[in-house]
$ cat protein31.txt   # compact mmCIF, C-alpha atoms and all ligand atoms
# COMPACT_ATOMS: atom_id res chain seq x y z
CA MET A 1 160.44 107.75 58.21
CA ASP A 2 163.31 106.36 56.15
CA ILE A 3 165.83 109.00 55.13
CA ILE A 4 168.10 107.63 52.43
CA ILE A 5 171.20 109.63 51.53
CA ARG A 6 172.88 108.92 48.21
CA ASP A 7 176.12 110.33 46.82
CA ASN A 8 174.62 112.21 43.91
CA TYR A 9 171.53 112.98 41.83
CA GLU A 10 171.87 109.88 39.62
CA GLU A 11 172.01 107.50 42.59
CA MET A 12 169.13 109.32 44.26
CA SER A 13 167.05 109.01 41.08
CA THR A 14 167.81 105.29 40.64
CA TYR A 15 166.88 104.55 44.25
CA ALA A 16 163.61 106.48 43.96
CA ALA A 17 162.71 104.78 40.68
CA GLU A 18 163.32 101.36 42.23
CA ILE A 19 160.84 102.16 44.99
CA ILE A 20 158.19 103.20 42.46
CA ALA A 21 158.86 100.15 40.29
CA GLY A 22 158.50 97.97 43.39
CA TYR A 23 154.98 99.36 43.97
CA ILE A 24 154.01 98.81 40.35
CA LYS A 25 155.23 95.21 40.41
CA TYR A 26 153.50 94.50 43.71
CA LYS A 27 150.24 96.20 42.69
CA PRO A 28 150.05 96.63 38.89
CA ASP A 29 146.95 98.85 39.18
CA CYS A 30 148.48 101.08 41.85
CA VAL A 31 147.59 104.76 42.07
CA LEU A 32 150.58 107.09 41.90
CA GLY A 33 150.61 110.77 42.81
CA LEU A 34 153.11 112.53 40.57
CA ALA A 35 155.14 115.73 40.81
CA THR A 36 156.72 117.87 38.12
CA GLY A 37 159.89 119.96 38.43
CA GLY A 38 163.57 119.39 37.89
CA THR A 39 164.05 116.95 40.76
CA PRO A 40 162.02 113.93 39.54
CA ILE A 41 163.25 114.10 35.93
CA GLY A 42 166.06 111.60 36.66
CA THR A 43 163.60 109.31 38.45
CA TYR A 44 161.23 109.41 35.47
CA LYS A 45 164.14 108.73 33.08
CA GLU A 46 165.03 105.65 35.09
CA LEU A 47 161.38 104.49 35.08
CA ILE A 48 161.35 104.87 31.29
CA ARG A 49 164.49 102.75 31.08
CA MET A 50 162.83 100.12 33.29
CA HIS A 51 159.75 100.24 31.06
CA HIS A 52 161.95 99.38 28.09
CA GLU A 53 163.06 96.37 30.10
CA GLY A 54 159.47 95.29 30.78
CA LEU A 55 158.03 97.44 33.59
CA ASP A 56 154.32 97.58 32.76
CA PHE A 57 152.32 100.77 33.31
CA SER A 58 149.17 99.56 31.54
CA GLN A 59 147.07 99.45 34.70
CA VAL A 60 148.77 102.25 36.63
CA ILE A 61 146.60 105.26 37.51
CA THR A 62 148.17 108.68 38.10
CA PHE A 63 147.16 111.99 39.65
CA ASN A 64 149.39 115.01 39.31
CA LEU A 65 149.83 117.44 42.15
CA ASP A 66 149.35 120.72 40.40
CA GLU A 67 148.99 122.88 37.31
CA TYR A 68 149.19 126.58 36.55
CA LEU A 69 145.81 128.21 36.28
CA GLY A 70 144.93 129.59 32.88
CA VAL A 71 148.16 128.66 31.17
CA GLY A 72 148.16 129.37 27.47
CA MET A 73 144.42 129.71 27.11
CA GLU A 74 145.01 130.57 23.48
CA LEU A 75 146.67 127.26 22.72
CA GLU A 76 144.97 124.03 21.87
CA ARG A 77 144.29 121.40 24.46
CA PRO A 78 145.63 119.18 25.93
CA TYR A 79 148.97 120.81 26.63
CA HIS A 80 147.83 124.37 27.24
CA SER A 81 151.27 125.88 26.72
CA ASP A 82 154.89 124.83 26.53
CA GLN A 83 155.20 125.61 30.23
CA SER A 84 152.18 123.61 31.36
CA TYR A 85 152.78 120.77 33.75
CA ALA A 86 150.58 118.60 31.52
CA ARG A 87 153.08 119.02 28.72
CA PHE A 88 156.00 118.45 31.10
CA MET A 89 154.51 115.13 32.20
CA HIS A 90 153.83 114.09 28.64
CA GLU A 91 157.39 114.90 27.53
CA GLU A 92 159.24 113.58 30.59
CA LEU A 93 157.22 110.42 31.23
CA PHE A 94 153.82 109.63 29.73
CA LYS A 95 154.74 109.52 26.05
CA HIS A 96 157.56 107.06 26.77
CA ILE A 97 155.56 104.47 28.72
CA ASN A 98 152.46 102.33 28.13
CA ILE A 99 150.16 104.20 30.50
CA LYS A 100 146.55 104.52 29.32
CA LYS A 101 145.37 108.05 28.59
CA GLU A 102 142.20 107.51 30.62
CA ASN A 103 144.29 106.60 33.66
CA ILE A 104 146.14 109.95 33.68
CA HIS A 105 144.67 112.72 35.84
CA LEU A 106 146.01 116.27 35.76
CA PRO A 107 144.53 119.38 37.33
CA ASP A 108 142.84 121.26 34.50
CA GLY A 109 144.48 124.68 34.26
CA GLN A 110 141.89 125.73 31.71
CA THR A 111 138.80 124.83 33.65
CA GLU A 112 136.02 127.41 33.57
CA ASP A 113 134.99 126.52 37.10
CA PRO A 114 138.09 125.87 39.24
CA LYS A 115 136.12 125.30 42.46
CA LYS A 116 133.94 122.65 40.84
CA PHE A 117 136.98 121.07 39.22
CA CYS A 118 138.83 120.84 42.55
CA ILE A 119 135.87 119.09 44.19
CA TRP A 120 135.73 116.65 41.27
CA TYR A 121 139.49 115.97 41.48
CA GLU A 122 139.25 115.08 45.17
CA ALA A 123 136.24 112.84 44.48
CA GLU A 124 138.09 111.14 41.64
CA ILE A 125 141.04 110.31 43.92
CA LYS A 126 138.59 108.78 46.39
CA ARG A 127 136.73 106.90 43.63
CA VAL A 128 139.86 104.96 42.65
CA GLY A 129 140.58 104.10 46.29
CA GLY A 130 143.08 106.85 47.16
CA ILE A 131 146.71 107.37 46.25
CA ASP A 132 149.01 104.45 47.07
CA LEU A 133 152.29 106.30 46.63
CA GLN A 134 152.67 110.06 46.41
CA ILE A 135 155.90 111.28 44.80
CA LEU A 136 156.97 114.72 45.96
CA GLY A 137 159.70 117.26 45.39
CA LEU A 138 160.44 120.12 47.77
CA GLY A 139 159.93 123.77 46.84
CA GLY A 140 162.51 126.41 47.73
CA ASP A 141 160.02 127.87 50.24
CA GLY A 142 159.23 124.44 51.65
CA HIS A 143 156.10 123.83 49.59
CA TRP A 144 154.63 120.58 48.34
CA GLY A 145 152.62 121.03 45.19
CA PHE A 146 151.89 124.75 45.28
CA ASN A 147 151.03 124.77 48.97
CA GLU A 148 152.84 127.98 49.73
CA PRO A 149 153.77 129.15 53.26
CA GLY A 150 150.62 129.87 55.21
CA SER A 151 148.56 127.13 53.54
CA SER A 152 146.57 125.17 56.07
CA LEU A 153 148.04 121.77 56.84
CA GLY A 154 144.53 120.40 56.34
CA SER A 155 144.03 122.09 52.97
CA ARG A 156 142.37 120.33 50.04
CA THR A 157 142.70 120.70 46.26
CA ARG A 158 142.12 124.37 45.45
CA VAL A 159 143.38 127.49 43.71
CA GLN A 160 146.47 128.96 45.33
CA ALA A 161 148.37 132.21 44.69
CA LEU A 162 152.09 131.68 44.11
CA THR A 163 154.73 133.40 46.25
CA GLU A 164 157.42 135.63 44.80
CA GLN A 165 160.02 132.94 45.57
CA THR A 166 158.08 130.29 43.65
CA LEU A 167 157.58 132.69 40.75
CA ASP A 168 161.35 133.35 40.74
CA ASP A 169 162.23 129.64 40.95
CA ASN A 170 159.80 128.63 38.21
CA TYR A 171 160.74 131.58 36.03
CA GLU A 172 164.34 130.34 36.04
CA ALA A 173 163.30 126.74 35.41
CA PHE A 174 160.53 127.09 32.83
CA TYR A 175 159.95 130.60 31.50
CA LYS A 176 163.30 132.36 31.08
CA ASN A 177 164.55 130.13 28.28
CA ALA A 178 161.24 130.53 26.47
CA ASN A 179 161.73 134.33 26.52
CA ILE A 180 158.49 134.85 28.42
CA GLU A 181 158.46 137.92 30.67
CA ARG A 182 158.21 137.16 34.36
CA SER A 183 155.13 139.40 34.66
CA LYS A 184 153.35 137.19 32.10
CA MET A 185 153.80 134.02 34.14
CA PRO A 186 150.66 132.55 35.69
CA HIS A 187 150.40 133.78 39.29
CA PHE A 188 147.86 131.16 40.36
CA ALA A 189 147.74 127.39 40.29
CA ILE A 190 145.46 124.50 41.11
CA THR A 191 147.13 122.30 43.68
CA MET A 192 146.28 119.29 45.77
CA GLY A 193 146.18 120.40 49.40
CA ILE A 194 148.45 119.28 52.21
CA GLY A 195 145.47 117.42 53.69
CA THR A 196 144.98 115.66 50.33
CA ILE A 197 148.66 114.70 50.17
CA LEU A 198 148.66 113.40 53.75
CA GLU A 199 145.88 110.98 52.81
CA ALA A 200 148.18 109.20 50.35
CA LYS A 201 148.97 105.81 51.85
CA ASN A 202 152.71 106.21 51.36
CA ILE A 203 155.05 109.05 50.52
CA LEU A 204 158.27 109.25 48.51
CA MET A 205 160.02 112.61 48.57
CA VAL A 206 163.10 113.32 46.43
CA VAL A 207 165.34 116.31 47.08
CA ASN A 208 168.73 117.22 45.64
CA GLY A 209 171.26 120.02 45.62
CA SER A 210 172.74 122.41 48.16
CA LYS A 211 170.10 125.05 47.34
CA LYS A 212 167.54 122.85 49.12
CA ALA A 213 169.73 121.97 52.14
CA ASN A 214 168.37 124.62 54.54
CA ILE A 215 164.71 124.12 53.69
CA LEU A 216 165.06 120.33 53.82
CA ALA A 217 166.45 120.60 57.36
CA LYS A 218 163.42 122.72 58.32
CA CYS A 219 161.05 120.25 56.68
CA LEU A 220 162.43 117.13 58.34
CA GLU A 221 163.92 118.39 61.60
CA GLY A 222 162.20 121.69 62.29
CA PRO A 223 158.84 122.36 63.90
CA ILE A 224 155.65 121.38 62.08
CA THR A 225 154.37 124.65 60.73
CA SER A 226 152.19 126.04 57.97
CA GLN A 227 155.16 128.31 57.16
CA VAL A 228 156.96 125.21 55.81
CA THR A 229 154.03 123.20 54.52
CA SER A 230 156.13 120.10 53.76
CA SER A 231 156.93 119.84 57.48
CA ALA A 232 153.53 118.09 57.56
CA ILE A 233 155.56 115.04 56.48
CA GLN A 234 156.18 114.57 60.20
CA LEU A 235 152.45 113.91 60.68
CA HIS A 236 152.07 111.24 58.02
CA SER A 237 151.07 107.80 59.26
CA GLY A 238 152.12 105.59 56.32
CA GLU A 239 155.49 104.55 54.98
CA ILE A 240 157.60 107.59 54.26
CA THR A 241 160.80 107.43 52.22
CA VAL A 242 162.89 110.55 51.71
CA VAL A 243 165.62 110.05 49.12
CA ILE A 244 168.18 112.85 48.94
CA ASP A 245 171.69 113.51 47.73
CA GLU A 246 174.66 114.49 49.93
CA ALA A 247 174.39 118.15 48.95
CA ALA A 248 170.76 118.38 50.09
CA ALA A 249 171.62 116.46 53.28
CA SER A 250 174.44 118.85 54.22
CA LYS A 251 172.39 120.91 56.72
CA LEU A 252 170.66 117.98 58.46
CA THR A 253 171.64 117.69 62.12
CA HIS A 254 171.17 113.93 62.21
CA SER A 255 172.44 112.78 58.82
CA GLY A 256 174.96 110.41 60.50
CA ARG A 257 172.12 108.70 62.33
CA TYR A 258 170.01 108.35 59.18
CA LYS A 259 172.94 106.64 57.43
CA HIS A 260 173.50 104.37 60.41
CA ILE A 261 169.83 103.35 60.51
CA GLU A 262 169.87 102.59 56.78
CA LYS A 263 172.93 100.35 57.24
CA LEU A 264 171.33 98.54 60.20
CA LYS A 265 168.06 98.00 58.32
CA HIS A 266 170.00 96.63 55.37
CA GLN A 267 171.99 94.34 57.67
CA PHE A 268 168.83 92.95 59.28
CA GLY A 269 166.90 92.77 56.02
CA LEU A 270 164.28 95.26 57.23
C1 LIG A 301 155.55 120.36 41.13
C2 LIG A 301 155.56 120.45 42.57
C3 LIG A 301 156.52 121.36 43.26
C4 LIG A 301 157.97 120.94 43.05
C5 LIG A 301 158.91 121.87 43.80
C6 LIG A 301 160.34 121.54 43.53
O1 LIG A 301 154.55 119.47 40.69
O2 LIG A 301 154.80 119.81 43.18
O3 LIG A 301 156.21 121.37 44.61
O4 LIG A 301 158.13 119.63 43.50
O5 LIG A 301 158.66 123.20 43.45
O6 LIG A 301 160.62 121.81 42.20
P1 LIG A 301 162.03 121.39 41.57
O7 LIG A 301 162.07 119.91 41.55
O8 LIG A 301 162.01 121.97 40.18
O9 LIG A 301 163.09 121.99 42.43

$ encode --input "protein31.txt" --output "structure tokens"
Amino acid sequence: MDIIIRDNYEEMSTYAAEIIAGYIKYKPDCVLGLATGGTPIGTYKELIRMHHEGLDFSQVITFNLDEYLGVGMELERPYHSDQSYARFMHEELFKHINIKKENIHLPDGQTEDPKKFCIWYEAEIKRVGGIDLQILGLGGDGHWGFNEPGSSLGSRTRVQALTEQTLDDNYEAFYKNANIERSKMPHFAITMGIGTILEAKNILMVVNGSKKANILAKCLEGPITSQVTSSAIQLHSGEITVVIDEAAASKLTHSGRYKHIEKLKHQFGL
């Protein structure tokens, strides 16, 4: 596992975007797993900038991690509601790059048969050969996707109830400004499972800010537990890169060692 510590959010985002761009250049038809949320916005901005300089997304295939269930049923497809993750992805990335619509996969928050949809989503990931690089943020309660504490570390794509902490976090980020009452937020989501995420060939996790410092330490240096579902990162067998800023790194016991290893690897061209 490579743990890369950068001074601030901008440097973290640039580093993460360079990794993603590297995959796209190496394998133009690569399959990316994508996350929403505040953390990857800077990374997506940098990818958009790179696209303007020639980075080609025309063969890239994407699968998003999650979507609220039932969001904005009254609104027209495809963006469900202003708070839908589909809309977020469109606004923050898809509409700015040359990705093909048919190559974008998002959990369908409006599906009439969530169970059937989840089985189809898993099959679709397999059909394209699996996810090459899964991009992840880290939830305040340690979740990946919406895999809340207590989710099985072998879980697959499914419907998941959101915890109070996630409802609070997402209310602040997405609903408060839109003047939507907290009680009216969706309380369920479709999410890829931890087992699904662990099958991605490689993982890139981005985390920033002091608010995430304690949970990041649990995720990377604590015991592997379904109470911190992202601690399953310690079980992954592919290439793992964790790119974080100094504030998020502040509670890591071994941050000095991670920096030293990065320097050594750089020195030896590894
Ligand atoms: C969203 C997702 C979530 C977020 C996490 C962190 O698709 O998968 O697990 O990555 O909640 O969100 P931010 O980045 O807003 O702190």

$ closest_residue --input "protein31.txt" --among "A:Asn208, A:Asn214, A:Ser237, A:Ser58" --to "Thr43 in chain A" --atoms "all atoms listed in the file"
A:Asn208

$ closest_residue --input "protein31.txt" --among "A:Lys263, A:His143, A:His51, A:Arg156" --to "ligand LIG 301 (chain A)" --atoms "only C-alpha atoms and all ligand atoms"
A:His143

$ closest_atom_pairs --input "protein31.txt" --of "chain A" --to "ligand LIG 301 (chain A)" --cutoff "10 Å" --atoms "all atoms listed in the file" --output "tab-separated table"
residue	atom	partner	partner_atom	distance
A:Gly33	CA	A:LIG301	O1	9.8
A:Leu34	CA	A:LIG301	O1	7.1
A:Ala35	CA	A:LIG301	O1	3.8
A:Thr36	CA	A:LIG301	O1	3.7
A:Gly37	CA	A:LIG301	O8	3.4
A:Gly38	CA	A:LIG301	O8	3.8
A:Thr39	CA	A:LIG301	O7	3.6
A:Pro40	CA	A:LIG301	O7	6.3
A:Ile41	CA	A:LIG301	O7	8.2
A:Asn64	CA	A:LIG301	O1	7.0
A:Leu65	CA	A:LIG301	O1	5.3
A:Asp66	CA	A:LIG301	O1	5.4
A:Glu67	CA	A:LIG301	O1	7.3
A:Tyr68	CA	A:LIG301	O1	9.8
A:Tyr85	CA	A:LIG301	O1	7.3
A:Phe88	CA	A:LIG301	O1	9.8
A:Met89	CA	A:LIG301	O1	9.5
A:Ile135	CA	A:LIG301	O4	8.7
A:Leu136	CA	A:LIG301	O4	5.6
A:Gly137	CA	A:LIG301	O4	3.4
A:Leu138	CA	A:LIG301	C6	4.5
A:Gly139	CA	A:LIG301	O5	3.7
A:Gly140	CA	A:LIG301	O5	6.6
A:Asp141	CA	A:LIG301	O5	8.4
A:Gly142	CA	A:LIG301	O3	8.3
A:His143	CA	A:LIG301	O3	5.6
A:Trp144	CA	A:LIG301	O3	4.1
A:Gly145	CA	A:LIG301	O2	3.2
A:Phe146	CA	A:LIG301	O3	5.5
A:Asn147	CA	A:LIG301	O3	7.6
A:Glu148	CA	A:LIG301	O3	9.0
A:Thr166	CA	A:LIG301	O5	7.1
A:Leu167	CA	A:LIG301	O5	9.9
A:Asp169	CA	A:LIG301	O8	7.7
A:Asn170	CA	A:LIG301	O8	7.3
A:Glu172	CA	A:LIG301	O8	9.6
A:Ala173	CA	A:LIG301	O8	6.9
A:Phe174	CA	A:LIG301	O8	9.1
A:Thr191	CA	A:LIG301	O2	8.1
A:Met192	CA	A:LIG301	O2	8.9
A:Met205	CA	A:LIG301	O4	8.9
A:Val206	CA	A:LIG301	O7	8.3
A:Val207	CA	A:LIG301	O7	7.4
A:Asn208	CA	A:LIG301	O9	8.1
A:Gly209	CA	A:LIG301	O9	9.0
A:Lys211	CA	A:LIG301	O9	9.1
A:Lys212	CA	A:LIG301	O9	8.1
A:Ser230	CA	A:LIG301	O3	9.2

$ atom_distance --input "protein31.txt" --atom1 "CA of Ile19 in chain A" --atom2 "CA of Leu55 in chain A"
12.7 Å

$ closest_residue --input "protein31.txt" --among "A:Pro149, A:Met1, A:Glu11, A:Lys184" --to "Gln165 in chain A" --atoms "only C-alpha atoms"
A:Pro149

$ closest_residue --input "protein31.txt" --among "A:His260, A:Ser210, A:Leu133, A:Ile190" --to "Asp108 in chain A" --atoms "all atoms listed in the file"
A:Ile190

$ atom_distance --input "protein31.txt" --atom1 "CA of His254 in chain A" --atom2 "CA of Glu221 in chain A"
8.5 Å

$ residues_around --input "protein31.txt" --residues "Phe117 in chain A" --least-positions-apart "5" --cutoff "10 Å" --atoms "all atoms listed in the file" --output "PyMOL selection string"
chain A and resi 107-109+111-112+122-123+157-158+190

$ closest_residue --input "protein31.txt" --among "A:Lys218, A:Gly70, A:Glu53, A:Ile24" --to "Pro114 in chain A" --atoms "only C-alpha atoms"
A:Gly70

$ atom_distance --input "protein31.txt" --atom1 "CA of Gly150 in chain A" --atom2 "CA of Ala232 in chain A"
12.4 Å

$ closest_residue --input "protein31.txt" --among "A:Ala200, A:Asp168, A:Glu262, A:Ile119" --to "Glu181 in chain A" --atoms "all atoms listed in the file"
A:Asp168

$ residues_around --input "protein31.txt" --residues "range 2-6 of chain A" --least-positions-apart "6" --cutoff "7 Å" --atoms "all atoms listed in the file" --output "list of chain:residue names"
A:Met12, A:Ile240, A:Thr241, A:Val242, A:Val243, A:Ile244, A:Asp245, A:Glu246, A:Tyr258, A:Lys259, A:Glu262

$ residues_near_point --input "protein31.txt" --point "(151.3, 129.1, 63.4)" --cutoff "12 Å" --atoms "only C-alpha atoms" --output "number ranges by chain"
A: 149-153, 223-229

$ residues_around --input "protein31.txt" --residues "Leu47 in chain A" --least-positions-apart "6" --cutoff "9 Å" --atoms "only C-alpha atoms" --output "count of residues only"
8
